[in-house]
>>> print(open('run_28.txt').read())   # compact mmCIF, C-alpha atoms
# COMPACT_ATOMS: atom_id res chain seq x y z
CA GLN A 1156 -1.69 -46.39 -11.30
CA THR A 1157 -2.27 -43.00 -12.90
CA ALA A 1158 -4.07 -40.02 -11.53
CA SER A 1159 -6.50 -40.12 -14.44
CA SER A 1160 -7.67 -43.62 -13.48
CA VAL A 1161 -8.10 -42.56 -9.86
CA SER A 1162 -10.17 -39.50 -10.77
CA GLY A 1163 -12.99 -41.71 -11.98
CA ILE A 1164 -13.53 -43.19 -8.49
CA VAL A 1165 -13.01 -40.02 -6.46
CA PRO A 1166 -16.33 -39.09 -4.77
CA PHE A 1167 -18.19 -36.14 -6.27
CA HIS A 1168 -17.98 -34.08 -3.06
CA VAL A 1169 -14.19 -34.51 -3.05
CA ARG A 1170 -13.97 -33.14 -6.60
CA MET A 1171 -16.23 -30.24 -5.57
CA ASN A 1172 -13.94 -29.49 -2.62
CA GLU A 1173 -11.00 -29.51 -5.00
CA LYS A 1174 -12.72 -26.88 -7.15
CA LYS A 1175 -13.41 -24.79 -4.07
CA ALA A 1176 -9.77 -25.05 -3.04
CA LEU A 1177 -8.63 -23.94 -6.50
CA PHE A 1178 -11.06 -21.03 -6.36
CA LEU A 1179 -9.58 -20.10 -2.97
CA CYS A 1180 -6.06 -20.19 -4.45
CA PHE A 1181 -7.25 -18.02 -7.33
CA ALA A 1182 -8.93 -15.53 -4.99
CA VAL A 1183 -5.86 -15.29 -2.75
CA GLY A 1184 -3.62 -14.75 -5.77
CA ILE A 1185 -5.86 -12.03 -7.21
CA SER A 1186 -5.93 -10.29 -3.82
CA ILE A 1187 -2.14 -10.31 -3.64
CA VAL A 1188 -1.86 -8.91 -7.17
CA ALA A 1189 -4.38 -6.18 -6.32
CA VAL A 1190 -2.34 -5.13 -3.28
CA TYR A 1191 0.87 -4.96 -5.32
CA THR A 1192 -0.81 -3.05 -8.12
CA ALA A 1193 -2.31 -0.50 -5.74
CA PHE A 1194 0.62 0.09 -3.40
CA CYS A 1195 3.88 -1.02 -5.00
CA THR A 1196 6.09 1.96 -5.86
CA ASP A 1197 9.61 0.51 -5.65
CA MET A 1198 10.79 -0.85 -8.98
CA TYR A 1199 13.38 -3.51 -9.53
CA ARG A 1200 16.30 -2.15 -11.54
CA ASP A 1201 15.49 -4.39 -14.52
CA VAL A 1202 11.86 -3.26 -14.46
CA ALA A 1203 12.79 0.42 -14.25
CA GLY A 1204 15.47 0.23 -16.93
CA ARG A 1205 14.01 -2.34 -19.32
CA TYR A 1206 10.53 -3.77 -19.01
CA ALA A 1207 8.46 -0.78 -17.85
CA PRO A 1208 9.89 1.50 -20.61
CA MET A 1209 9.22 -1.28 -23.12
CA ALA A 1210 5.61 -1.57 -21.94
CA ARG A 1211 5.14 2.19 -22.18
CA ALA A 1212 6.67 2.32 -25.66
CA PHE A 1213 4.53 -0.61 -26.81
CA SER A 1214 1.36 1.11 -25.59
CA GLU A 1215 2.39 4.25 -27.51
CA GLY A 1216 3.12 2.38 -30.76
CA ASN A 1217 6.90 2.79 -30.56
CA TRP A 1218 7.65 -0.71 -31.83
CA GLN A 1219 11.43 -0.37 -31.96
CA LEU A 1220 11.62 0.23 -28.21
CA GLY A 1221 8.47 -1.70 -27.30
CA LEU A 1222 9.94 -4.82 -28.94
CA ASP A 1223 13.54 -3.99 -28.02
CA VAL A 1224 15.85 -6.64 -29.48
CA ARG A 1225 18.01 -6.48 -26.35
CA HIS A 1226 15.33 -8.05 -24.13
CA SER A 1227 12.63 -10.72 -24.27
CA PRO A 1228 9.38 -9.15 -25.53
CA LEU A 1229 6.45 -11.24 -24.29
CA LEU A 1230 5.64 -9.73 -20.88
CA PRO A 1231 6.32 -6.08 -21.85
CA ALA A 1232 4.10 -6.57 -24.91
CA LEU A 1233 1.30 -7.96 -22.73
CA GLY A 1234 1.67 -5.07 -20.28
CA GLY A 1235 1.77 -2.52 -23.11
CA SER A 1236 -1.31 -4.04 -24.75
CA LEU A 1237 -3.21 -3.89 -21.46
CA ALA A 1238 -2.17 -0.26 -21.00
CA PHE A 1239 -3.29 0.61 -24.52
CA PHE A 1240 -6.72 -1.00 -24.28
CA SER A 1241 -7.48 -0.09 -20.66
CA GLY A 1242 -5.88 3.33 -20.36
CA LEU A 1243 -3.92 2.24 -17.28
CA GLU A 1244 -0.51 3.69 -16.51
CA PRO A 1245 1.95 1.30 -18.24
CA TYR A 1246 3.84 0.34 -15.06
CA ARG A 1247 0.58 -0.65 -13.35
CA ALA A 1248 -0.48 -2.53 -16.46
CA LEU A 1249 2.85 -4.39 -16.43
CA LEU A 1250 2.32 -5.35 -12.78
CA ILE A 1251 -1.18 -6.63 -13.59
CA ALA A 1252 0.03 -8.64 -16.59
CA SER A 1253 2.86 -10.15 -14.56
CA GLY A 1254 0.57 -10.87 -11.62
CA CYS A 1255 -2.17 -12.42 -13.74
CA LEU A 1256 0.28 -14.90 -15.25
CA TYR A 1257 1.42 -15.78 -11.72
CA VAL A 1258 -2.18 -16.49 -10.69
CA LEU A 1259 -3.15 -18.34 -13.88
CA THR A 1260 -0.24 -20.75 -13.39
CA ILE A 1261 -2.28 -22.57 -10.73
CA PHE A 1262 -4.49 -24.14 -13.43
CA PRO A 1263 -1.78 -25.89 -15.51
CA LEU A 1264 0.03 -26.63 -12.23
CA ASN A 1265 -3.04 -28.42 -10.87
CA HIS A 1266 -3.42 -30.26 -14.17
CA LEU A 1267 0.23 -31.33 -14.02
CA LEU A 1268 0.22 -32.41 -10.38
CA ARG A 1269 -2.99 -34.43 -10.82
CA ARG A 1270 -1.21 -36.50 -13.46
CA LEU A 1271 1.93 -36.95 -11.43
CA CYS A 1272 0.30 -37.77 -8.07
CA PRO A 1273 -2.55 -40.25 -7.50
CA ASN A 1274 -3.64 -38.34 -4.38
CA GLN A 1275 -5.80 -35.40 -5.49
CA ALA A 1276 -5.09 -33.50 -2.28
CA ILE A 1277 -1.42 -33.22 -3.24
CA ALA A 1278 -2.33 -31.21 -6.34
CA VAL A 1279 -4.43 -28.79 -4.27
CA TRP A 1280 -1.73 -28.37 -1.65
CA GLY A 1281 0.84 -27.85 -4.39
CA CYS A 1282 -1.21 -25.01 -5.86
CA LEU A 1283 -1.76 -23.46 -2.43
CA LEU A 1284 1.94 -23.60 -1.55
CA TYR A 1285 2.79 -22.10 -4.93
CA ILE A 1286 0.37 -19.18 -4.59
CA LEU A 1287 1.61 -18.40 -1.05
CA ALA A 1288 5.37 -18.79 -1.62
CA PRO A 1289 6.90 -15.41 -0.63
CA LYS A 1290 9.68 -15.35 -3.21
CA ILE A 1291 7.33 -16.35 -6.03
CA ILE A 1292 4.94 -13.57 -4.95
CA ARG A 1293 7.72 -10.99 -4.77
CA ILE A 1294 9.19 -11.86 -8.17
CA SER A 1295 5.90 -12.50 -9.97
CA CYS A 1296 4.08 -9.35 -8.86
CA SER A 1297 6.92 -6.93 -9.58
CA GLY A 1298 6.89 -6.87 -13.37
CA LEU A 1299 9.84 -9.21 -13.86
CA LEU A 1300 9.85 -11.85 -16.59
CA GLU A 1301 9.75 -14.89 -14.32
CA SER A 1302 5.95 -15.09 -14.05
CA ALA A 1303 5.62 -15.42 -17.84
CA ARG A 1304 8.40 -18.00 -17.93
CA ASN A 1305 6.84 -20.03 -15.09
CA PHE A 1306 3.39 -19.98 -16.69
CA MET A 1307 4.71 -21.11 -20.06
CA PHE A 1308 7.00 -23.77 -18.58
CA VAL A 1309 4.30 -25.32 -16.37
CA SER A 1310 1.79 -25.14 -19.24
CA SER A 1311 4.25 -26.87 -21.56
CA ALA A 1312 4.85 -29.64 -19.03
CA ALA A 1313 1.10 -30.11 -18.47
CA LEU A 1314 0.43 -30.20 -22.22
CA LEU A 1315 3.25 -32.68 -22.74
CA LEU A 1316 1.71 -35.15 -20.31
CA GLY A 1317 -1.82 -34.35 -21.46
CA PHE A 1318 -0.95 -35.18 -25.08
CA PHE A 1319 -0.49 -38.85 -24.23
CA GLU A 1320 -4.01 -39.15 -22.80
CA GLY A 1321 -5.65 -38.79 -26.19
CA ARG A 1322 -2.86 -38.06 -28.65
CA GLN A 1323 -4.89 -35.40 -30.48
CA LEU A 1324 -2.86 -33.23 -32.82
CA TRP A 1325 -4.36 -30.03 -31.41
CA LYS A 1326 -2.65 -30.85 -28.11
CA ALA A 1327 0.65 -31.17 -29.95
CA ALA A 1328 -0.03 -27.80 -31.59
CA LEU A 1329 -0.78 -26.21 -28.20
CA LEU A 1330 2.47 -27.67 -26.87
CA GLY A 1331 4.37 -25.99 -29.70
CA LEU A 1332 2.58 -22.70 -28.96
CA ALA A 1333 3.40 -22.93 -25.24
CA LEU A 1334 7.05 -23.66 -26.04
CA GLY A 1335 7.09 -20.64 -28.34
CA GLY A 1336 5.72 -18.51 -25.50
CA LEU A 1337 8.37 -19.97 -23.20
CA CYS A 1338 11.16 -18.89 -25.54
CA LEU A 1339 9.65 -15.42 -25.97
CA SER A 1340 9.26 -14.99 -22.21
CA ARG A 1341 12.99 -15.50 -21.68
CA SER A 1342 15.28 -16.17 -24.62
CA GLU A 1343 17.56 -18.54 -22.69
CA CYS A 1344 14.62 -20.94 -22.39
CA VAL A 1345 15.52 -22.28 -25.84
CA ALA A 1346 17.73 -24.61 -23.77
CA TYR A 1347 14.52 -26.36 -22.65
CA LEU A 1348 13.47 -27.30 -26.19
CA PRO A 1349 15.65 -30.43 -26.46
CA LEU A 1350 14.36 -31.46 -23.01
CA PHE A 1351 10.69 -31.23 -24.01
CA PHE A 1352 11.05 -32.85 -27.43
CA GLY A 1353 13.32 -35.53 -25.96
CA ALA A 1354 10.73 -36.19 -23.23
CA MET A 1355 8.03 -36.45 -25.90
CA LEU A 1356 10.03 -39.14 -27.69
CA LEU A 1357 10.84 -40.94 -24.44
CA LEU A 1358 7.22 -41.00 -23.25
CA HIS A 1359 6.08 -42.37 -26.60
CA TRP A 1360 8.81 -45.01 -26.47
CA HIS A 1361 7.66 -45.93 -22.96
CA SER A 1362 4.08 -46.28 -24.23
CA THR A 1363 5.28 -48.83 -26.82
CA GLY A 1364 6.95 -50.93 -24.14
CA PHE A 1365 10.37 -49.64 -25.24
CA SER A 1366 10.01 -51.38 -28.57
CA ARG A 1367 13.01 -50.89 -30.87
CA SER A 1368 11.07 -51.34 -34.09
CA THR A 1369 10.76 -48.47 -36.55
CA ALA A 1370 7.00 -49.01 -36.84
CA ALA A 1371 6.55 -48.40 -33.11
CA MET A 1372 8.11 -44.94 -33.38
CA LYS A 1373 6.12 -43.79 -36.41
CA GLY A 1374 3.20 -42.70 -34.26
CA ILE A 1375 5.13 -39.80 -32.75
CA ILE A 1376 6.57 -38.34 -35.96
CA LEU A 1377 3.51 -36.32 -37.03
CA PRO A 1378 2.87 -34.84 -33.53
CA LEU A 1379 6.54 -33.85 -33.32
CA ILE A 1380 6.33 -32.16 -36.72
CA VAL A 1381 3.13 -30.31 -35.73
CA SER A 1382 4.67 -29.09 -32.45
CA ALA A 1383 7.88 -28.00 -34.17
CA CYS A 1384 6.01 -26.16 -36.96
CA VAL A 1385 3.77 -24.26 -34.51
CA LEU A 1386 6.84 -23.41 -32.42
CA ILE A 1387 8.65 -22.01 -35.47
CA LEU A 1388 5.58 -20.02 -36.55
CA ALA A 1389 5.29 -18.54 -33.05
CA LEU A 1390 8.95 -17.47 -33.09
CA LEU A 1391 9.14 -16.40 -36.74
CA PRO A 1392 8.13 -12.71 -36.31
CA ARG A 1393 10.71 -12.23 -33.56
CA LEU A 1394 13.41 -14.09 -35.51
CA PHE A 1395 12.71 -11.92 -38.55
CA GLN A 1396 12.80 -8.72 -36.48
CA VAL A 1397 16.17 -9.54 -34.89
CA TRP A 1398 17.56 -10.72 -38.24
CA ASN A 1399 16.42 -7.47 -39.86
CA GLU A 1400 18.11 -5.36 -37.16
CA CYS A 1401 21.19 -7.45 -36.35
CA GLY A 1402 21.79 -9.66 -39.39
CA ILE A 1403 21.35 -12.95 -37.49
CA PRO A 1404 18.00 -14.72 -36.81
CA ALA A 1405 17.81 -14.94 -33.01
CA LEU A 1406 15.46 -14.09 -30.15
CA ASP A 1407 17.47 -11.23 -28.67
CA LEU A 1408 20.82 -9.46 -28.80
CA LYS A 1409 22.43 -11.86 -26.31
CA GLN A 1410 21.90 -14.74 -28.71
CA VAL A 1411 23.24 -12.63 -31.58
CA ASP A 1412 26.42 -11.91 -29.62
CA PHE A 1413 26.75 -15.58 -28.75
CA ALA A 1414 26.29 -16.60 -32.39
CA LYS A 1415 28.95 -14.11 -33.48
>>> encode(input="run_28.txt", output="structure tokens")
Amino acid sequence: QTASSVSGIVPFHVRMNEKKALFLCFAVGISIVAVYTAFCTDMYRDVAGRYAPMARAFSEGNWQLGLDVRHSPLLPALGGSLAFFSGLEPYRALLIASGCLYVLTIFPLNHLLRRLCPNQAIAVWGCLLYILAPKIIRISCSGLLESARNFMFVSSAALLLGFFEGRQLWKAALLGLALGGLCLSRSECVAYLPLFFGAMLLLHWHSTGFSRSTAAMKGIILPLIVSACVLILALLPRLFQVWNECGIPALDLKQVDFAK
């Protein structure tokens, strides 16, 4: 029995309480981010030496440093963009960008847990435990890359399961976009790509009753192509930048060194 079939018979007041609980999680998360943004002065070494300078350079239009090929660019670019448009000090903008991704993760997390667990309360408790976990708070609100990685990973997992509810191609495209964001949040996350595409094939095979016929597997070919194409398009500017600077198409200098 799937969570989606259960949701149709859950009483309306229970669904309303679930929305209130999610709003509470969101409010608690925003409050925590606000406290960090207002009072946090101690920087992690990686933030002080890498991500905060990248955010500042990005906000000032120094693209070579703002999109430094040595480090993953997504979160510093978000922090730098926020600093540019809002006028905030770049370090504070980086904390806000990091913290917002930490808070926004509750929505794909709730979506994911509702599809994994028939009991709706488990999804709410999962979101509450996530938003109150001390280590997640400490890492996610400090300008480190983990909040972006967590958001993109959980979103990718939720989109993967959500694709099989309607099999619309736009969901496959969003999956490719989320996977692209995952790789840009931390370059080593390319290791997850075979896992997600393999899971997509496996879930489709499961939906066919594990049929071994070629015709049964044709239905997943186009969604796989759409996801892969969107993923490549999302990564293409970064691949071109690193190739232009280092001679090898990669996501950062670590991958270039590994390729060499």
>>> residues_around(input="run_28.txt", residues="range 1381-1391 of chain A", least_positions_apart="5", cutoff="12 Å", atoms="all atoms listed in the file", output="MDAnalysis selection string")
chainID A and resid 1227:1229 1311 1314:1315 1318 1323:1340 1342 1345 1348:1349 1351:1352 1355 1375:1376 1396:1399 1404:1407
>>> closest_residue(input="run_28.txt", among="A:Leu1300, A:Leu1267, A:Leu1357, A:Ala1248", to="Arg1205 in chain A", atoms="all atoms listed in the file")
A:Leu1300
>>> closest_residue(input="run_28.txt", among="A:Ile1277, A:Ser1366, A:Trp1360, A:Ala1210", to="Asp1223 in chain A", atoms="only C-alpha atoms")
A:Ala1210
>>> axis_aligned_box(input="run_28.txt", around="range 1172-1180 of chain A", padding_each_side="3 Å", output="AutoDock Vina command-line options")
--center_x -10.0 --center_y -24.8 --center_z -4.9 --size_x 13.9 --size_y 15.4 --size_z 10.5
>>> closest_residue(input="run_28.txt", among="A:Leu1264, A:Ala1232, A:Ala1193, A:Leu1299", to="Gly1216 in chain A", atoms="all atoms listed in the file")
A:Ala1232
>>> atom_distance(input="run_28.txt", atom1="CA of Arg1225 in chain A", atom2="CA of Pro1289 in chain A")
29.4 Å
>>> residues_around(input="run_28.txt", residues="Leu1268 in chain A", least_positions_apart="3", cutoff="9 Å", atoms="all atoms listed in the file", output="MDAnalysis selection string")
chainID A and resid 1158 1263:1265 1271:1273 1275 1277:1279 1281:1282 1313
>>> write_last_selection(input="run_28.txt", atoms="C-alpha atoms", output="tab-separated table (two decimals), in the frame of the given file")
chain	number	residue	atom	x	y	z
A	1158	ALA	CA	-4.07	-40.02	-11.53
A	1263	PRO	CA	-1.78	-25.89	-15.51
A	1264	LEU	CA	0.03	-26.63	-12.23
A	1265	ASN	CA	-3.04	-28.42	-10.87
A	1271	LEU	CA	1.93	-36.95	-11.43
A	1272	CYS	CA	0.30	-37.77	-8.07
A	1273	PRO	CA	-2.55	-40.25	-7.50
A	1275	GLN	CA	-5.80	-35.40	-5.49
A	1277	ILE	CA	-1.42	-33.22	-3.24
A	1278	ALA	CA	-2.33	-31.21	-6.34
A	1279	VAL	CA	-4.43	-28.79	-4.27
A	1281	GLY	CA	0.84	-27.85	-4.39
A	1282	CYS	CA	-1.21	-25.01	-5.86
A	1313	ALA	CA	1.10	-30.11	-18.47
>>> atom_distance(input="run_28.txt", atom1="CA of Phe1240 in chain A", atom2="CA of Ala1252 in chain A")
12.8 Å
>>> atom_distance(input="run_28.txt", atom1="CA of Leu1358 in chain A", atom2="CA of Met1372 in chain A")
10.9 Å
>>> residues_around(input="run_28.txt", residues="Trp1280 in chain A", least_positions_apart="3", cutoff="12 Å", atoms="only C-alpha atoms", output="PDB file with C-alpha atoms, keeping the file's coordinate frame")
ATOM      1  CA  GLU A1173     -11.000 -29.510  -5.000  1.00  0.00           C
ATOM      2  CA  ALA A1176      -9.770 -25.050  -3.040  1.00  0.00           C
ATOM      3  CA  LEU A1177      -8.630 -23.940  -6.500  1.00  0.00           C
ATOM      4  CA  LEU A1179      -9.580 -20.100  -2.970  1.00  0.00           C
ATOM      5  CA  CYS A1180      -6.060 -20.190  -4.450  1.00  0.00           C
ATOM      6  CA  ILE A1261      -2.280 -22.570 -10.730  1.00  0.00           C
ATOM      7  CA  LEU A1264       0.030 -26.630 -12.230  1.00  0.00           C
ATOM      8  CA  ASN A1265      -3.040 -28.420 -10.870  1.00  0.00           C
ATOM      9  CA  LEU A1268       0.220 -32.410 -10.380  1.00  0.00           C
ATOM     10  CA  ARG A1269      -2.990 -34.430 -10.820  1.00  0.00           C
ATOM     11  CA  CYS A1272       0.300 -37.770  -8.070  1.00  0.00           C
ATOM     12  CA  ASN A1274      -3.640 -38.340  -4.380  1.00  0.00           C
ATOM     13  CA  GLN A1275      -5.800 -35.400  -5.490  1.00  0.00           C
ATOM     14  CA  ALA A1276      -5.090 -33.500  -2.280  1.00  0.00           C
ATOM     15  CA  ILE A1277      -1.420 -33.220  -3.240  1.00  0.00           C
ATOM     16  CA  LEU A1283      -1.760 -23.460  -2.430  1.00  0.00           C
ATOM     17  CA  LEU A1284       1.940 -23.600  -1.550  1.00  0.00           C
ATOM     18  CA  TYR A1285       2.790 -22.100  -4.930  1.00  0.00           C
ATOM     19  CA  ILE A1286       0.370 -19.180  -4.590  1.00  0.00           C
ATOM     20  CA  LEU A1287       1.610 -18.400  -1.050  1.00  0.00           C
ATOM     21  CA  ALA A1288       5.370 -18.790  -1.620  1.00  0.00           C
TER      22      ALA A1288
END
>>> closest_residue(input="run_28.txt", among="A:Arg1200, A:Lys1415, A:Arg1211, A:Lys1175", to="Pro1231 in chain A", atoms="all atoms listed in the file")
A:Arg1211
>>> closest_residue(input="run_28.txt", among="A:Ser1302, A:Lys1409, A:Ser1214, A:Lys1174", to="Gly1242 in chain A", atoms="all atoms listed in the file")
A:Ser1214
>>> closest_residue(input="run_28.txt", among="A:Val1202, A:Leu1256, A:Ala1212, A:Ile1291", to="Ser1310 in chain A", atoms="only C-alpha atoms")
A:Leu1256
>>> residues_around(input="run_28.txt", residues="Phe1239 in chain A", least_positions_apart="3", cutoff="9 Å", atoms="only C-alpha atoms", output="list of chain:residue names")
A:Arg1211, A:Phe1213, A:Ser1214, A:Glu1215, A:Gly1234, A:Gly1235, A:Ser1236, A:Gly1242, A:Leu1243, A:Pro1245
>>> residues_around(input="run_28.txt", residues="Val1190 in chain A", least_positions_apart="2", cutoff="12 Å", atoms="all atoms listed in the file", output="PyMOL selection string")
chain A and resi 1183-1188+1192-1196+1247+1250-1251+1254+1292-1293+1296-1297
>>> build_atoms(input="run_28.txt", residues="range 1215-1225 of chain A", atoms="all heavy atoms", output="JSON list (two decimals), keeping the file's coordinate frame")
[["chain", "number", "residue", "atom", "x", "y", "z"],
["A", 1215, "GLU", "N", 2.39, 3.03, -26.71],
["A", 1215, "GLU", "CA", 2.39, 4.25, -27.51],
["A", 1215, "GLU", "C", 2.67, 3.99, -28.99],
["A", 1215, "GLU", "O", 2.72, 4.92, -29.79],
["A", 1215, "GLU", "CB", 3.43, 5.22, -26.95],
["A", 1215, "GLU", "CG", 3.10, 5.71, -25.55],
["A", 1215, "GLU", "CD", 4.23, 6.50, -24.92],
["A", 1215, "GLU", "OE1", 5.34, 6.51, -25.51],
["A", 1215, "GLU", "OE2", 4.01, 7.11, -23.86],
["A", 1216, "GLY", "N", 2.87, 2.72, -29.36],
["A", 1216, "GLY", "CA", 3.12, 2.38, -30.76],
["A", 1216, "GLY", "C", 4.55, 2.55, -31.19],
["A", 1216, "GLY", "O", 4.84, 2.53, -32.40],
["A", 1217, "ASN", "N", 5.47, 2.72, -30.24],
["A", 1217, "ASN", "CA", 6.90, 2.79, -30.56],
["A", 1217, "ASN", "C", 7.45, 1.38, -30.59],
["A", 1217, "ASN", "O", 7.96, 0.87, -29.60],
["A", 1217, "ASN", "CB", 7.61, 3.64, -29.51],
["A", 1217, "ASN", "CG", 9.09, 3.82, -29.80],
["A", 1217, "ASN", "OD1", 9.65, 3.19, -30.71],
["A", 1217, "ASN", "ND2", 9.75, 4.66, -29.03],
["A", 1218, "TRP", "N", 7.34, 0.72, -31.75],
["A", 1218, "TRP", "CA", 7.65, -0.71, -31.83],
["A", 1218, "TRP", "C", 9.13, -1.01, -31.65],
["A", 1218, "TRP", "O", 9.49, -2.06, -31.13],
["A", 1218, "TRP", "CB", 7.16, -1.27, -33.16],
["A", 1218, "TRP", "CG", 5.74, -0.93, -33.46],
["A", 1218, "TRP", "CD1", 5.27, -0.25, -34.53],
["A", 1218, "TRP", "CD2", 4.59, -1.22, -32.65],
["A", 1218, "TRP", "NE1", 3.90, -0.09, -34.46],
["A", 1218, "TRP", "CE2", 3.46, -0.68, -33.32],
["A", 1218, "TRP", "CE3", 4.40, -1.86, -31.43],
["A", 1218, "TRP", "CZ2", 2.17, -0.78, -32.80],
["A", 1218, "TRP", "CZ3", 3.12, -1.96, -30.91],
["A", 1218, "TRP", "CH2", 2.03, -1.43, -31.59],
["A", 1219, "GLN", "N", 10.00, -0.10, -32.06],
["A", 1219, "GLN", "CA", 11.43, -0.37, -31.96],
["A", 1219, "GLN", "C", 11.86, -0.51, -30.50],
["A", 1219, "GLN", "O", 12.67, -1.38, -30.16],
["A", 1219, "GLN", "CB", 12.24, 0.73, -32.64],
["A", 1219, "GLN", "CG", 13.75, 0.42, -32.68],
["A", 1219, "GLN", "CD", 14.50, 1.40, -33.55],
["A", 1219, "GLN", "OE1", 13.93, 2.37, -34.05],
["A", 1219, "GLN", "NE2", 15.79, 1.15, -33.75],
["A", 1220, "LEU", "N", 11.31, 0.35, -29.63],
["A", 1220, "LEU", "CA", 11.62, 0.23, -28.21],
["A", 1220, "LEU", "C", 10.68, -0.75, -27.52],
["A", 1220, "LEU", "O", 11.09, -1.49, -26.63],
["A", 1220, "LEU", "CB", 11.50, 1.60, -27.53],
["A", 1220, "LEU", "CG", 11.77, 1.64, -26.01],
["A", 1220, "LEU", "CD1", 13.15, 1.08, -25.70],
["A", 1220, "LEU", "CD2", 11.62, 3.05, -25.48],
["A", 1221, "GLY", "N", 9.42, -0.79, -27.93],
["A", 1221, "GLY", "CA", 8.47, -1.70, -27.30],
["A", 1221, "GLY", "C", 8.82, -3.16, -27.51],
["A", 1221, "GLY", "O", 8.51, -4.00, -26.67],
["A", 1222, "LEU", "N", 9.47, -3.46, -28.64],
["A", 1222, "LEU", "CA", 9.94, -4.82, -28.94],
["A", 1222, "LEU", "C", 11.46, -4.81, -29.03],
["A", 1222, "LEU", "O", 12.05, -5.37, -29.95],
["A", 1222, "LEU", "CB", 9.32, -5.32, -30.24],
["A", 1222, "LEU", "CG", 7.79, -5.44, -30.24],
["A", 1222, "LEU", "CD1", 7.27, -5.75, -31.63],
["A", 1222, "LEU", "CD2", 7.32, -6.50, -29.25],
["A", 1223, "ASP", "N", 12.09, -4.17, -28.06],
["A", 1223, "ASP", "CA", 13.54, -3.99, -28.02],
["A", 1223, "ASP", "C", 14.25, -5.33, -28.21],
["A", 1223, "ASP", "O", 13.97, -6.30, -27.49],
["A", 1223, "ASP", "CB", 13.93, -3.38, -26.67],
["A", 1223, "ASP", "CG", 15.35, -2.87, -26.65],
["A", 1223, "ASP", "OD1", 16.17, -3.33, -27.45],
["A", 1223, "ASP", "OD2", 15.64, -1.99, -25.81],
["A", 1224, "VAL", "N", 15.16, -5.38, -29.18],
["A", 1224, "VAL", "CA", 15.85, -6.64, -29.48],
["A", 1224, "VAL", "C", 16.81, -7.04, -28.37],
["A", 1224, "VAL", "O", 17.32, -8.18, -28.37],
["A", 1224, "VAL", "CB", 16.61, -6.56, -30.82],
["A", 1224, "VAL", "CG1", 15.65, -6.35, -31.97],
["A", 1224, "VAL", "CG2", 17.67, -5.46, -30.78],
["A", 1225, "ARG", "N", 17.08, -6.15, -27.43],
["A", 1225, "ARG", "CA", 18.01, -6.48, -26.35],
["A", 1225, "ARG", "C", 17.36, -7.36, -25.29],
["A", 1225, "ARG", "O", 18.06, -8.02, -24.51],
["A", 1225, "ARG", "CB", 18.55, -5.20, -25.70],
["A", 1225, "ARG", "CG", 19.43, -4.36, -26.60],
["A", 1225, "ARG", "CD", 19.78, -3.05, -25.94],
["A", 1225, "ARG", "NE", 18.58, -2.22, -25.72],
["A", 1225, "ARG", "CZ", 18.60, -1.05, -25.09],
["A", 1225, "ARG", "NH1", 19.73, -0.57, -24.62],
["A", 1225, "ARG", "NH2", 17.48, -0.36, -24.95]]
